[in-house]
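S.K.: So that we are looking at the same thing, I have put the structure below in structure tokens.
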Amino acid sequence: MKLAIDLASANADLAGKSAEEIISFALDASGGDAIVTTNFRPLEAVILHLVTRQKPDIRVLWIDHGLNLDPTYRFAEKTINLLNLNIEKYTPLETAKIPDAAYVSEDERTPEQEAEIHAFSEKVKLEPFRRGMRELDATAWFTALRRVQNLNRAGMNYLEEGPNGILKVNPILDWSDEEMTDYLAKHGLPDETSYFDPAKAGEKSECGLHDGRLASK
């Protein structure tokens with residue numbers, strides 16, 4: 001890892017701590033050399049507000065594949081202006097058409113359709129994400145991952161080793177949907193409910209950022 005941290009010990013110490021305390025620990029450990037990633041999906045303003053309260057100038061890595069719905073782009077613009085986000089936007093090197101498989105139910109997809117979605121995700125999300133991570137070269141990476149989102153995330157820890165040795169930090173891992181919406185209301189933050197990710201096309205699936213495919217090339 002880029003940081004000399006005993007992950008098992010640190011995760012044990014952070015058990016029961018607040019998201020703010022986890023963020024503070026990671027910022028101190030990384031010397032503030034951190035990024036937060038976003039796709040401006042529903043409830044995303046929570047993590048962006050949490051981290052910018054402690055580090056207003058934190059770099060915000062946004063992979064914009066250019067295929068988001070109009071409400072998502074309006075939400076992104078509103079959130080960027082409201083929180084004065086330090087956006088680092090990366091786009092794909094080549095365009096790609098949304099595959100028909102993206103509109104098939106996750107439970108009904110064939111292996112061939114899953115492979116089609118994976119290939120699409122590689123072009124429009126994973127390649128620009130690897131490029132962004134490499135060029136920004138941060139020590140810590142904040143995510144909005146939560147256990148309730150899918151089974152793959154249920155067993156994650158607050159601190160993990162991410163691609164290329166970066167410290168991956170999941171400060172709201174234990175938050176429920178209700179806690180997220182309460183936080184938005186408390187702080188008067190916007191939300192976006194019509195989001196669709198064609199590189200994932202469902203809540204049970206992963207687009208590749210958090211299931212090992214990101215580090216596979």
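Just remember, in the structure tokens the first chain shown is A, the second B, etc., residues are 1-based per chain, and ligands are 1-based in the order shown.
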What lies within 8 Å of segment 59-69 of chain A using only C-alpha atoms, ignoring chain neighbours under 6 positions off, as a list in words?
M.R.: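 Residues near the query, excluding close chain neighbours: Ala34, Ile35, Val36, Thr37, Thr38, Asn39, Leu85, Asn86, Ile87, Glu88, Lys89, Tyr90, Thr91, Pro92, Val124, Lys125, Pro128, Phe129, Gly132, Ser194, Tyr195, Phe196, Asp197 and Pro198 of chain A.
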S.K.: Could you list, as a PyMOL selection string, every residue within 10 Å of Leu7 of chain A, counting only C-alpha atoms and ignoring same-chain residues fewer than 6 positions away?
M.R.: chain A and resi 13+157-161+167
S.K.: Got time to write the residues from that selection, C-alpha atoms, as a tab-separated table (two decimals), in the first residue's frame?
M.R.:
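Final output, saved to result20.tsv:
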chain	number	residue	atom	x	y	z
A	13	ASP	CA	-10.52	0.80	15.82
A	157	ASN	CA	-14.56	-2.86	5.33
A	158	TYR	CA	-14.24	0.84	6.11
A	159	LEU	CA	-10.64	0.77	4.91
A	160	GLU	CA	-9.37	-1.47	2.12
A	161	GLU	CA	-6.45	-1.66	-0.25
A	167	LEU	CA	-6.25	3.42	0.50
S.K.: To test your reading of the structure, identify every residue in chain A that backbone DSSP assigns to strand (DSSP E), and report it as a short mmCIF file (atom, residue, chain, number, x, y, z; two decimals) with C-alpha atoms, in the first residue's frame.
M.R.:
data_model
loop_
_atom_site.label_atom_id
_atom_site.label_comp_id
_atom_site.auth_asym_id
_atom_site.auth_seq_id
_atom_site.Cartn_x
_atom_site.Cartn_y
_atom_site.Cartn_z
CA ALA A 34 -7.16 12.20 -1.33
CA ILE A 35 -9.85 12.03 -3.97
CA VAL A 36 -13.56 11.24 -3.86
CA THR A 37 -15.31 9.59 -6.78
CA THR A 38 -18.83 10.29 -7.95
CA ARG A 59 -10.39 16.49 -5.97
CA VAL A 60 -13.64 14.95 -7.21
CA LEU A 61 -13.11 12.32 -9.90
CA TRP A 62 -16.12 12.10 -12.22
CA ILE A 63 -16.15 9.60 -15.07
CA ASN A 86 -13.15 20.65 -7.43
CA ILE A 87 -14.15 18.46 -10.37
CA GLU A 88 -11.67 16.34 -12.33
CA LYS A 89 -13.74 15.03 -15.23
CA TYR A 90 -12.57 12.12 -17.36
CA ALA A 140 -6.62 7.82 -0.42
CA TRP A 141 -9.87 7.27 -2.30
CA PHE A 142 -13.27 8.01 -0.73
CA LEU A 159 -10.64 0.77 4.91
CA GLU A 160 -9.37 -1.47 2.12
CA GLU A 161 -6.45 -1.66 -0.25
CA LEU A 167 -6.25 3.42 0.50
CA LYS A 168 -9.91 2.86 -0.35
CA VAL A 169 -12.15 4.48 2.25
#
S.K.: Between atom CA of Ala96 of chain A and atom CA of Arg41 of chain A, what is the distance in Å, rounded to a tenth?
M.R.: 20.6 Å
S.K.: Report the residues of segment 71-181 of chain A whose backbone DSSP state falls under alpha helix (DSSP H), written as JSON, numbers by chain.
M.R.: {"A": [71, 72, 73, 74, 75, 76, 77, 78, 79, 80, 81, 82, 83, 111, 112, 113, 114, 115, 116, 117, 118, 119, 120, 121, 127, 128, 129, 130, 131, 132, 133, 134, 135, 136, 151, 152, 153, 154, 177, 178, 179, 180, 181]}
S.K.: For Ala119 of chain A, which of A:Arg146, A:Ala15, A:Asn164, A:Ala199 is the closest residue, counting only C-alpha atoms?
M.R.: A:Ala199
S.K.: Find, counting only C-alpha atoms, the residue in A:Arg53, A:Arg147, A:Trp175, A:Ile166 that gets nearest to Gly16 of chain A.
M.R.: A:Trp175
S.K.: Would you kindly return, as a PyMOL selection string, each protein, DNA or RNA residue with an atom no farther than 9 Å from any atom of Ala29 of chain A, considering only C-alpha atoms and excluding same-chain residues fewer than 2 positions away?
M.R.: chain A and resi 3-5+24-27+31-32+140
S.K.: Go ahead and dump the residues you just picked, C-alpha atoms, as a PDB file, in the first residue's frame.
M.R.:
ATOM      1  CA  LEU A   3       0.319   4.122   3.266  1.00  0.00           C
ATOM      2  CA  ALA A   4       1.836   2.086   6.090  1.00  0.00           C
ATOM      3  CA  ILE A   5      -1.468   1.144   7.709  1.00  0.00           C
ATOM      4  CA  SER A  24     -10.920  12.484   9.465  1.00  0.00           C
ATOM      5  CA  PHE A  25      -8.764   9.410  10.117  1.00  0.00           C
ATOM      6  CA  ALA A  26      -8.199   8.808   6.406  1.00  0.00           C
ATOM      7  CA  LEU A  27      -7.399  12.455   5.668  1.00  0.00           C
ATOM      8  CA  GLY A  31      -1.861  13.924   4.575  1.00  0.00           C
ATOM      9  CA  GLY A  32      -4.894  15.181   2.686  1.00  0.00           C
ATOM     10  CA  ALA A 140      -6.616   7.818  -0.415  1.00  0.00           C
TER      11      ALA A 140
END
